[in-house]
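Shown next: protein_10.csv, containing CSV, C-alpha atoms.
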chain,number,residue,atom,x,y,z
A,20,MET,CA,-14.2,9.6,-3.5
A,21,LEU,CA,-10.7,8.2,-3.1
A,22,SER,CA,-8.4,8.9,-6.0
A,23,MET,CA,-6.7,6.0,-7.8
A,24,GLY,CA,-3.6,8.3,-8.3
A,25,ALA,CA,-3.5,8.9,-12.0
A,26,ASP,CA,-4.3,12.7,-11.6
A,27,GLU,CA,-1.7,13.0,-8.8
A,28,LEU,CA,0.9,11.3,-11.0
A,29,ASP,CA,0.2,13.7,-13.9
A,30,GLU,CA,0.6,16.6,-11.5
A,31,ALA,CA,3.8,15.3,-10.1
A,32,VAL,CA,5.3,14.8,-13.6
A,33,ALA,CA,4.2,18.2,-14.8
A,34,SER,CA,5.7,20.0,-11.8
A,35,VAL,CA,9.0,18.1,-12.1
A,36,VAL,CA,9.3,18.9,-15.8
A,37,ALA,CA,8.6,22.5,-15.1
A,38,LEU,CA,11.3,22.6,-12.4
A,39,LEU,CA,14.0,21.0,-14.5
A,40,ARG,CA,13.3,22.5,-17.9
A,41,PRO,CA,15.3,25.7,-17.2
A,42,ALA,CA,18.3,23.6,-16.2
A,43,VAL,CA,18.5,21.5,-19.4
A,44,ASP,CA,21.7,23.3,-20.5
A,45,ARG,CA,23.5,22.3,-17.4
A,46,ASP,CA,25.8,19.3,-17.2
A,47,TRP,CA,23.8,16.4,-15.8
A,48,THR,CA,26.3,13.7,-16.7
A,49,ASP,CA,29.3,14.6,-14.4
A,50,VAL,CA,27.2,15.8,-11.4
A,51,ASN,CA,25.9,13.3,-8.9
A,52,ALA,CA,22.3,13.4,-7.9
A,53,GLY,CA,22.2,14.3,-4.2
A,54,GLY,CA,23.4,11.5,-2.1
A,55,LEU,CA,23.2,8.9,-4.9
A,56,GLU,CA,26.0,7.2,-6.7
A,57,TRP,CA,24.2,8.0,-10.0
A,58,SER,CA,24.7,11.1,-12.0
A,59,CYS,CA,21.8,13.5,-12.5
A,60,ARG,CA,21.5,12.1,-16.0
A,61,GLN,CA,21.4,8.4,-14.9
A,62,THR,CA,18.8,9.3,-12.2
A,63,ALA,CA,16.6,10.9,-14.9
A,64,GLU,CA,16.9,7.8,-17.0
A,65,HIS,CA,16.0,5.7,-14.0
A,66,ILE,CA,12.7,7.6,-13.6
A,67,VAL,CA,11.9,6.7,-17.3
A,68,ALA,CA,12.8,3.0,-16.7
A,69,ASP,CA,10.6,2.8,-13.6
A,70,PHE,CA,7.7,4.4,-15.4
A,71,ILE,CA,8.0,1.9,-18.3
A,72,ALA,CA,8.3,-1.0,-16.0
A,73,TYR,CA,5.4,0.0,-13.8
A,74,ALA,CA,3.1,0.7,-16.8
A,75,THR,CA,3.9,-2.5,-18.6
A,76,ARG,CA,3.6,-4.7,-15.5
A,77,LEU,CA,0.2,-3.2,-14.6
A,78,ALA,CA,-1.2,-3.2,-18.1
A,79,GLY,CA,0.0,-6.8,-18.7
A,80,ARG,CA,-0.9,-8.0,-15.2
A,81,ALA,CA,2.6,-9.4,-14.9
A,82,GLU,CA,2.7,-12.0,-12.1
A,83,HIS,CA,6.4,-12.3,-11.6
A,84,GLY,CA,9.8,-11.1,-12.6
A,85,TYR,CA,11.4,-7.9,-13.9
A,86,LEU,CA,11.5,-6.4,-17.3
A,87,PRO,CA,15.1,-6.3,-18.4
A,88,LEU,CA,15.2,-2.6,-19.2
A,89,ARG,CA,18.2,-0.5,-20.2
A,90,ILE,CA,17.5,3.0,-21.2
A,91,THR,CA,19.7,4.5,-23.9
A,92,LEU,CA,18.4,7.8,-25.4
A,93,THR,CA,19.7,8.8,-28.7
A,94,SER,CA,18.9,11.6,-31.1
A,95,GLU,CA,16.6,11.2,-34.1
A,96,ASP,CA,19.5,10.3,-36.4
A,97,GLY,CA,20.5,7.6,-33.9
A,98,LEU,CA,24.0,8.8,-33.8
A,99,HIS,CA,24.1,11.1,-30.8
A,100,THR,CA,23.0,10.9,-27.2
A,101,ALA,CA,19.8,12.8,-26.7
A,102,GLY,CA,20.0,16.0,-24.7
A,103,ASN,CA,18.6,16.8,-21.3
A,104,ALA,CA,15.5,18.4,-22.8
A,105,ASP,CA,14.8,15.2,-24.7
A,106,ILE,CA,14.9,13.1,-21.5
A,107,LEU,CA,12.4,15.5,-19.9
A,108,ASP,CA,10.1,14.9,-22.9
A,109,VAL,CA,10.5,11.1,-22.4
A,110,ILE,CA,9.7,11.5,-18.6
A,111,ALA,CA,6.5,13.3,-19.5
A,112,ALA,CA,5.6,10.7,-22.2
A,113,THR,CA,6.3,7.6,-20.0
A,114,GLY,CA,4.6,9.3,-17.1
A,115,ALA,CA,1.5,9.6,-19.3
A,116,LEU,CA,1.9,6.0,-20.2
A,117,LEU,CA,1.8,4.9,-16.6
A,118,GLY,CA,-1.1,7.3,-16.0
A,119,ALA,CA,-3.0,5.6,-18.8
A,120,ALA,CA,-2.3,2.1,-17.4
A,121,ILE,CA,-3.6,3.2,-14.0
A,122,ARG,CA,-6.8,4.8,-15.5
A,123,THR,CA,-7.7,1.8,-17.6
A,124,ALA,CA,-6.8,-0.9,-15.0
A,125,PRO,CA,-9.9,-2.4,-13.3
A,126,ARG,CA,-10.1,-2.0,-9.5
A,127,ASP,CA,-9.1,-5.6,-8.8
A,128,ALA,CA,-6.0,-5.6,-11.1
A,129,ARG,CA,-2.7,-6.5,-9.5
A,130,ALA,CA,0.7,-7.0,-10.9
A,131,PHE,CA,4.2,-8.0,-9.7
A,132,HIS,CA,6.2,-5.9,-7.3
A,133,PRO,CA,8.5,-7.5,-4.8
A,134,LEU,CA,8.0,-5.3,-1.8
A,135,PRO,CA,7.0,-6.8,0.4
A,136,PHE,CA,4.0,-9.0,-0.6
A,137,ARG,CA,4.9,-9.6,-4.3
A,138,SER,CA,2.2,-7.5,-5.9
A,139,ALA,CA,0.6,-4.1,-6.1
A,140,ASN,CA,-2.7,-2.7,-7.3
A,141,ARG,CA,-3.3,0.4,-9.4
A,142,GLU,CA,-3.1,2.7,-6.4
A,143,GLY,CA,0.1,1.1,-5.4
A,144,PHE,CA,1.7,1.6,-8.8
A,145,ALA,CA,0.5,5.2,-8.8
A,146,ALA,CA,2.1,5.8,-5.4
A,147,MET,CA,5.3,4.1,-6.5
A,148,GLY,CA,5.4,6.2,-9.7
A,149,ILE,CA,4.8,9.4,-7.8
A,150,ALA,CA,7.5,8.5,-5.2
A,151,GLU,CA,10.0,7.7,-7.9
A,152,VAL,CA,9.5,11.1,-9.7
A,153,LEU,CA,9.3,13.2,-6.5
A,154,LEU,CA,12.2,11.6,-4.7
A,155,HIS,CA,14.6,11.4,-7.7
A,156,THR,CA,13.8,14.9,-8.7
A,157,HIS,CA,14.8,15.9,-5.2
A,158,ASP,CA,18.1,14.1,-5.8
A,159,ILE,CA,18.6,15.8,-9.2
A,160,ALA,CA,17.7,19.2,-7.8
A,161,GLU,CA,20.1,18.7,-4.9
A,162,GLY,CA,22.9,17.8,-7.3
A,163,LEU,CA,22.1,20.9,-9.5
A,164,GLY,CA,21.6,23.2,-6.6
A,165,LEU,CA,17.9,23.9,-7.3
A,166,PRO,CA,15.4,24.5,-4.6
A,167,TYR,CA,12.6,21.9,-4.7
A,168,GLU,CA,9.5,21.1,-2.6
A,169,PRO,CA,6.5,19.4,-4.3
A,170,PRO,CA,2.9,20.0,-3.3
A,171,ALA,CA,2.3,18.4,0.1
A,172,HIS,CA,-0.7,16.4,-1.0
A,173,LEU,CA,1.4,14.4,-3.4
A,174,ALA,CA,3.7,13.3,-0.6
A,175,GLU,CA,0.7,12.6,1.5
A,176,PHE,CA,-0.8,10.4,-1.3
A,177,VAL,CA,2.5,8.3,-1.3
A,178,LEU,CA,2.7,8.1,2.5
A,179,THR,CA,-0.9,6.9,3.1
A,180,ARG,CA,-0.7,4.2,0.3
A,181,ILE,CA,2.8,2.7,0.5
A,182,PHE,CA,4.3,3.8,3.8
A,183,PRO,CA,1.6,2.7,6.2
A,184,ASP,CA,4.0,2.0,9.1
A,185,VAL,CA,5.5,5.6,9.0
A,186,ARG,CA,4.0,7.9,11.6
A,187,PRO,CA,2.5,10.9,9.9
A,188,GLY,CA,3.8,14.4,10.8
A,189,PRO,CA,2.8,18.0,10.1
A,190,ASP,CA,5.1,18.2,7.0
A,191,HIS,CA,4.3,15.4,4.6
A,192,TRP,CA,7.2,16.2,2.3
A,193,GLN,CA,9.8,16.1,5.1
A,194,ASN,CA,8.2,13.0,6.4
A,195,LEU,CA,8.6,11.3,3.0
A,196,LEU,CA,12.2,12.4,2.8
A,197,TRP,CA,12.8,10.9,6.2
A,198,ALA,CA,11.0,7.7,5.3
A,199,THR,CA,13.4,7.2,2.4
A,200,GLY,CA,16.6,8.0,4.3
A,201,ARG,CA,17.0,11.5,2.8
A,202,ALA,CA,16.4,13.7,5.8
A,203,ASP,CA,16.4,14.1,9.5
A,204,LEU,CA,13.4,14.6,11.7
A,205,PRO,CA,13.4,15.7,15.3
A,206,GLY,CA,12.9,12.7,17.7
A,207,ARG,CA,13.5,10.1,15.0
A,208,ALA,CA,16.7,8.3,14.1
A,209,ARG,CA,17.8,8.8,10.5
A,210,LEU,CA,17.1,5.7,8.4
A,211,THR,CA,19.8,3.8,6.6
A,212,GLU,CA,17.6,1.1,5.2
A,213,TRP,CA,13.9,1.4,4.1
A,214,HIS,CA,11.3,0.1,1.7
A,215,TRP,CA,7.8,0.9,0.9
A,216,THR,CA,4.9,-1.5,1.6
A,217,ASN,CA,2.1,-2.3,-0.8
A,218,ASN,CA,-1.1,-3.7,0.6
A,219,HIS,CA,-1.3,-7.3,1.6
A,220,VAL,CA,-3.8,-9.6,-0.1
A,221,LEU,CA,-4.8,-13.2,0.8
A,222,ASP,CA,-6.8,-15.4,-1.6
A,223,THR,CA,-9.5,-17.9,-0.7
A,224,GLU,CA,-11.6,-20.0,-3.1
A,225,ARG,CA,-14.2,-17.3,-3.5
A,226,LEU,CA,-12.8,-14.2,-1.8
A,227,ARG,CA,-9.8,-11.8,-1.8
A,228,LEU,CA,-8.8,-10.4,1.6
A,229,GLU,CA,-7.5,-7.0,0.6
A,230,GLY,CA,-5.4,-5.1,3.1
A,231,VAL,CA,-6.8,-1.6,3.8
A,232,THR,CA,-4.3,1.3,3.5
A,233,PRO,CA,-4.4,4.3,5.9
A,234,ALA,CA,-6.0,6.3,3.1
A,235,ALA,CA,-8.8,3.8,2.6
A,236,ALA,CA,-9.2,3.4,6.3
A,237,ALA,CA,-9.7,7.1,6.8
A,238,ASP,CA,-12.3,7.1,4.1
A,239,LEU,CA,-14.2,4.1,5.5
A,240,SER,CA,-14.1,5.5,9.0
A,241,THR,CA,-15.8,8.7,7.9
A,242,GLY,CA,-18.6,7.1,5.8
A,243,GLY,CA,-16.9,6.5,2.5
A,244,THR,CA,-16.4,3.3,0.5
A,245,GLY,CA,-12.7,3.0,1.0
A,246,GLY,CA,-12.4,2.6,-2.8
A,247,PHE,CA,-14.4,-0.6,-2.7
A,248,ASP,CA,-17.6,-1.5,-4.6
A,249,TRP,CA,-19.8,-2.7,-1.7
A,250,ILE,CA,-22.9,-4.8,-1.9
A,251,GLU,CA,-26.2,-3.4,-0.6
A,252,GLY,CA,-26.0,-2.6,3.1
A,253,GLY,CA,-22.2,-2.5,3.2
A,254,PRO,CA,-19.9,-1.8,4.9
A,255,PHE,CA,-21.4,-2.9,8.2
A,256,ASP,CA,-20.7,-1.0,11.4
A,257,GLY,CA,-17.9,-3.3,12.6
A,258,THR,CA,-15.8,-2.6,9.4
A,259,ARG,CA,-16.1,1.1,9.9
A,260,GLU,CA,-15.1,0.8,13.5
A,261,ALA,CA,-12.1,-1.3,12.6
A,262,ALA,CA,-11.1,1.2,10.0
A,263,GLY,CA,-11.1,3.8,12.7
A,264,MET,CA,-8.8,1.6,14.7
A,265,VAL,CA,-6.4,1.5,11.7
A,266,VAL,CA,-6.4,5.3,11.5
A,267,LYS,CA,-5.6,5.6,15.2
A,268,SER,CA,-2.7,3.1,15.0
A,269,TYR,CA,-1.4,4.8,11.9
A,270,GLU,CA,-1.4,8.2,13.5
A,271,ALA,CA,0.3,6.8,16.6
A,272,GLY,CA,3.0,5.3,14.4
A,273,VAL,CA,2.3,1.7,15.6
A,274,HIS,CA,0.4,0.4,12.6
A,275,ARG,CA,1.6,-2.8,11.0
A,276,PRO,CA,-0.4,-3.3,7.9
A,277,GLU,CA,-0.5,-7.1,7.9
A,278,PHE,CA,-2.1,-6.9,11.3
A,279,GLY,CA,-4.7,-4.4,10.3
A,280,LEU,CA,-8.0,-4.5,8.5
A,281,TYR,CA,-8.9,-6.6,5.4
A,282,VAL,CA,-11.9,-6.1,3.2
A,283,LEU,CA,-13.6,-9.3,1.9
A,284,VAL,CA,-14.1,-9.0,-1.9
A,285,ARG,CA,-15.9,-11.6,-3.9
A,286,ARG,CA,-13.7,-12.7,-6.7
A,287,GLU,CA,-16.6,-13.4,-9.1
A,288,ASP,CA,-17.8,-9.8,-9.3
A,289,ASP,CA,-15.3,-7.7,-7.3
A,290,ARG,CA,-18.0,-6.7,-4.8
A,291,ALA,CA,-17.0,-6.1,-1.2
A,292,VAL,CA,-19.1,-8.1,1.3
A,293,GLY,CA,-17.4,-7.5,4.7
A,294,GLY,CA,-14.3,-7.0,6.8
A,295,ILE,CA,-11.9,-9.1,8.8
A,296,GLY,CA,-8.7,-8.4,10.6
A,297,PHE,CA,-6.8,-7.9,13.8
A,298,HIS,CA,-7.3,-5.5,16.8
A,299,GLY,CA,-3.6,-4.9,16.8
A,300,VAL,CA,-0.2,-6.6,16.6
A,301,PRO,CA,0.5,-9.8,18.6
A,302,ASP,CA,1.4,-9.3,22.2
A,303,GLU,CA,4.6,-10.4,23.9
A,304,ASP,CA,3.1,-13.9,24.2
A,305,GLY,CA,2.3,-14.1,20.5
A,306,LYS,CA,-1.4,-13.7,21.0
A,307,ALA,CA,-3.5,-11.6,18.6
A,308,GLU,CA,-7.2,-10.8,18.6
A,309,VAL,CA,-9.3,-11.1,15.5
A,310,GLY,CA,-12.7,-9.8,14.5
A,311,TYR,CA,-15.0,-9.9,11.4
A,312,ASP,CA,-18.4,-8.8,10.1
A,313,LEU,CA,-20.4,-9.1,6.9
A,314,ALA,CA,-23.0,-6.9,5.3
A,315,GLU,CA,-26.4,-8.4,6.0
A,316,ALA,CA,-27.0,-9.3,2.4
A,317,ALA,CA,-23.8,-11.4,2.3
A,318,ARG,CA,-24.6,-13.5,5.4
A,319,GLY,CA,-25.4,-17.2,5.3
A,320,ASN,CA,-23.0,-18.0,2.5
A,321,GLY,CA,-20.0,-19.2,4.5
A,322,TYR,CA,-17.9,-16.1,3.6
A,323,ALA,CA,-16.8,-15.3,7.2
A,324,THR,CA,-15.8,-18.9,7.9
A,325,GLU,CA,-13.8,-19.1,4.6
A,326,ALA,CA,-12.0,-15.8,5.3
A,327,LEU,CA,-11.3,-16.6,9.0
A,328,ARG,CA,-9.8,-19.9,8.2
A,329,THR,CA,-7.5,-18.3,5.6
A,330,LEU,CA,-6.5,-15.5,7.9
A,331,ALA,CA,-5.8,-17.8,10.8
A,332,GLU,CA,-3.7,-20.2,8.7
A,333,TRP,CA,-1.6,-17.3,7.4
A,334,ALA,CA,-1.2,-15.8,10.9
A,335,LEU,CA,-0.3,-19.0,12.7
A,336,ALA,CA,2.3,-19.8,10.1
A,337,ARG,CA,4.3,-16.8,11.3
A,338,ASP,CA,6.9,-16.9,14.0
A,339,ASP,CA,5.5,-14.0,15.9
A,340,VAL,CA,2.0,-15.5,16.3
A,341,ARG,CA,1.3,-18.4,18.7
A,342,SER,CA,-2.5,-18.1,19.2
A,343,LEU,CA,-5.5,-16.2,18.0
A,344,PHE,CA,-8.6,-15.2,20.1
A,345,ALA,CA,-11.9,-13.6,19.6
A,346,THR,CA,-14.7,-12.4,21.9
A,347,ILE,CA,-18.4,-12.9,21.1
A,348,GLU,CA,-21.7,-12.0,22.7
A,349,PRO,CA,-23.3,-15.2,24.1
A,350,SER,CA,-26.5,-14.3,22.1
A,351,ASN,CA,-24.6,-14.1,18.8
A,352,ILE,CA,-25.2,-17.7,17.7
A,353,PRO,CA,-24.2,-17.2,14.0
A,354,SER,CA,-20.8,-15.7,15.0
A,355,GLN,CA,-20.2,-18.6,17.4
A,356,ALA,CA,-20.9,-21.0,14.6
A,357,VAL,CA,-18.3,-19.2,12.4
A,358,ILE,CA,-15.7,-19.3,15.1
A,359,ALA,CA,-16.3,-23.0,15.8
A,360,ARG,CA,-16.1,-24.0,12.1
A,361,ALA,CA,-12.8,-22.2,11.9
A,362,GLY,CA,-11.4,-24.3,14.7
A,363,PHE,CA,-11.6,-21.9,17.7
A,364,VAL,CA,-12.7,-23.3,21.0
A,365,ARG,CA,-14.3,-21.6,24.0
A,366,VAL,CA,-11.8,-20.6,26.6
A,367,SER,CA,-14.3,-20.7,29.5
A,368,GLU,CA,-17.9,-20.3,30.4
A,369,GLU,CA,-17.2,-17.1,32.2
A,370,LEU,CA,-17.9,-13.7,30.5
A,371,ASP,CA,-15.4,-10.9,30.5
A,372,GLU,CA,-16.1,-7.4,31.9
A,373,GLU,CA,-18.0,-6.5,28.7
A,374,GLY,CA,-20.2,-9.6,28.8
A,375,LEU,CA,-18.4,-11.4,26.1
A,376,GLN,CA,-17.1,-15.0,25.8
A,377,ALA,CA,-13.6,-15.7,24.7
A,378,TYR,CA,-12.6,-18.2,22.0
A,379,GLU,CA,-9.1,-19.3,21.1
A,380,LEU,CA,-7.2,-21.0,18.3
A,381,ARG,CA,-3.6,-22.2,18.9
A,382,GLY,CA,-1.0,-22.9,16.4
As structure tokens - that is how I would like this structure written.
Amino acid sequence: MLSMGADELDEAVASVVALLRPAVDRDWTDVNAGGLEWSCRQTAEHIVADFIAYATRLAGRAEHGYLPLRITLTSEDGLHTAGNADILDVIAATGALLGAAIRTAPRDARAFHPLPFRSANREGFAAMGIAEVLLHTHDIAEGLGLPYEPPAHLAEFVLTRIFPDVRPGPDHWQNLLWATGRADLPGRARLTEWHWTNNHVLDTERLRLEGVTPAAAADLSTGGTGGFDWIEGGPFDGTREAAGMVVKSYEAGVHRPEFGLYVLVRREDDRAVGGIGFHGVPDEDGKAEVGYDLAEAARGNGYATEALRTLAEWALARDDVRSLFATIEPSNIPSQAVIARAGFVRVSEELDEEGLQAYELRG
């Protein structure tokens, strides 16, 4: 069963507090944190601010904007700046606050985050929280001259949720450091700009098209649920095959999440009914192939048509997509009806080498 990330966040926070606790008597104010312009103290306060922002956004289902937070930690008498030991206590407390928000959020909860699709789900907020504490502890430890390497599975959790376009490597921690411009990797240019990527979601009248992360795709391709609550008979074979395609493209470092797999989720009950998506990125002519399927119990309700229309409208509004195509067996009359209702037209009467007919929709 896929983790929502709260346990991993707890582990990350606990390991960081244990690492930094012996260094609380050091000067954190006049020492820069690694390659940052912030001091170690400011960086620790930044972790607190992020935990509070993420927890309050997710708990309140914030739809836009930032919380105007400025962290100033003082002693109990309110007269003196709190010490380094105190800020570690606050990191632990606010980390627990974010963990509680993740555990209590329903699966379909989303809240504002700007990068890059304007929202994140509970797994996304967990991954962002883990990334903040791991990476900024790396920065603090570097500034203080402390050795630091977190458990590899925590870095892997982050990479497979919010860095879907980063090719995986044998060392998850070094890969995460590279992905955030903090380290070199053989055969890869060092990054000077970067951002993480939360999963893409498109809404229709009755459905949410939820972008599938590499972690969810790996689970789906091996017989799991991908973290979704499926109706009886789901997911269908095509969705599992498409998930396998996502895994292969991710492992090859060519995955672009917006051109991957989406799971169709009914908004009325948060049940997954099928899958839709692309067979890869658009080619040099701006042509992209689409595919879709539904669990048998969901067929006959117009879900595939509704989803395909929305996905096609989104894709053809992009500068890098000029046309969409799909291939269908001549005997698959229901799928032909879906593709026709979405505006696709048959390219020719001839079948391709696999015995399929091609349909196209141009922008």
Contacts of segment 190-273 of chain A with segment 126-138 of chain A up to 10 Å, shortest pair per row, all atoms listed in the file, as JSON lines:
{"residue": "A:His214", "atom": "CA", "partner": "A:Leu134", "partner_atom": "CA", "distance": 7.2}
{"residue": "A:Trp215", "atom": "CA", "partner": "A:Leu134", "partner_atom": "CA", "distance": 6.8}
{"residue": "A:Thr216", "atom": "CA", "partner": "A:Pro135", "partner_atom": "CA", "distance": 5.8}
{"residue": "A:Asn217", "atom": "CA", "partner": "A:Leu134", "partner_atom": "CA", "distance": 6.7}
{"residue": "A:Asn218", "atom": "CA", "partner": "A:Phe136", "partner_atom": "CA", "distance": 7.5}
{"residue": "A:His219", "atom": "CA", "partner": "A:Phe136", "partner_atom": "CA", "distance": 6.0}
{"residue": "A:Val220", "atom": "CA", "partner": "A:Phe136", "partner_atom": "CA", "distance": 7.8}
{"residue": "A:Leu221", "atom": "CA", "partner": "A:Phe136", "partner_atom": "CA", "distance": 9.9}
{"residue": "A:Arg227", "atom": "CA", "partner": "A:Asp127", "partner_atom": "CA", "distance": 9.4}
{"residue": "A:Glu229", "atom": "CA", "partner": "A:Asp127", "partner_atom": "CA", "distance": 9.6}
{"residue": "A:Gly246", "atom": "CA", "partner": "A:Arg126", "partner_atom": "CA", "distance": 8.4}
{"residue": "A:Phe247", "atom": "CA", "partner": "A:Arg126", "partner_atom": "CA", "distance": 8.2}
{"residue": "A:Asp248", "atom": "CA", "partner": "A:Arg126", "partner_atom": "CA", "distance": 9.0}
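In this model, the gap between atom CA of Thr346 of chain A and atom CA of Asp238 of chain A comes to 26.5 Å.
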Top pick for closest residue to Val284 of chain A, considering A:Glu303, A:Glu224, A:Glu332, A:Glu373 and counting only C-alpha atoms
A:Glu224
Quick one: pull the distance between atom CA of Phe144 of chain A and atom CA of Ala262 of chain A, Å, one decimal.
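It comes out at 22.7 Å.
Taking all atoms listed in the file, the non-local environment of segment 152-161 of chain A within 6 Å (same-chain residues fewer than 5 positions away omitted) comprises A:Ala52, A:Gly53, A:Cys59.
In this structure, atom CA of Leu380 of chain A sits 5.1 Å away from atom CA of Leu343 of chain A.
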Extract, using only C-alpha atoms, all DNA, RNA and protein residues at most 10 Å from segment 199-204 of chain A, discarding same-chain residues fewer than 2 positions from it, and format them as JSON, numbers by chain.
{"A": [53, 54, 150, 154, 157, 158, 182, 188, 193, 194, 195, 196, 197, 206, 207, 208, 209, 210, 211, 212, 213, 214, 215]}
Taking the point (3.2, 17.0, -2.6) as given in the file, collect each protein or nucleic acid residue that comes within 9 Å of it, counting only C-alpha atoms, and present the set as a PyMOL selection string.
chain A and resi 27+31+153+168-177+191-192
Could you list, as a list of chain:residue names, every residue within 10 Å of Gly253 of chain A, counting all atoms listed in the file and ignoring same-chain residues fewer than 4 positions away?
A:Thr244, A:Phe247, A:Asp248, A:Trp249, A:Thr258, A:Arg259, A:Arg290, A:Ala291, A:Val292, A:Gly293, A:Gly294, A:Leu313, A:Ala314, A:Glu315, A:Ala316, A:Ala317
Among the residues A:Asn103, A:Asp184, A:Ser342, A:His83, the one that comes closest to Asp44 of chain A [using only C-alpha atoms]:
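The shortest atom-to-atom distance to Asp44 of chain A comes from A:Asn103.
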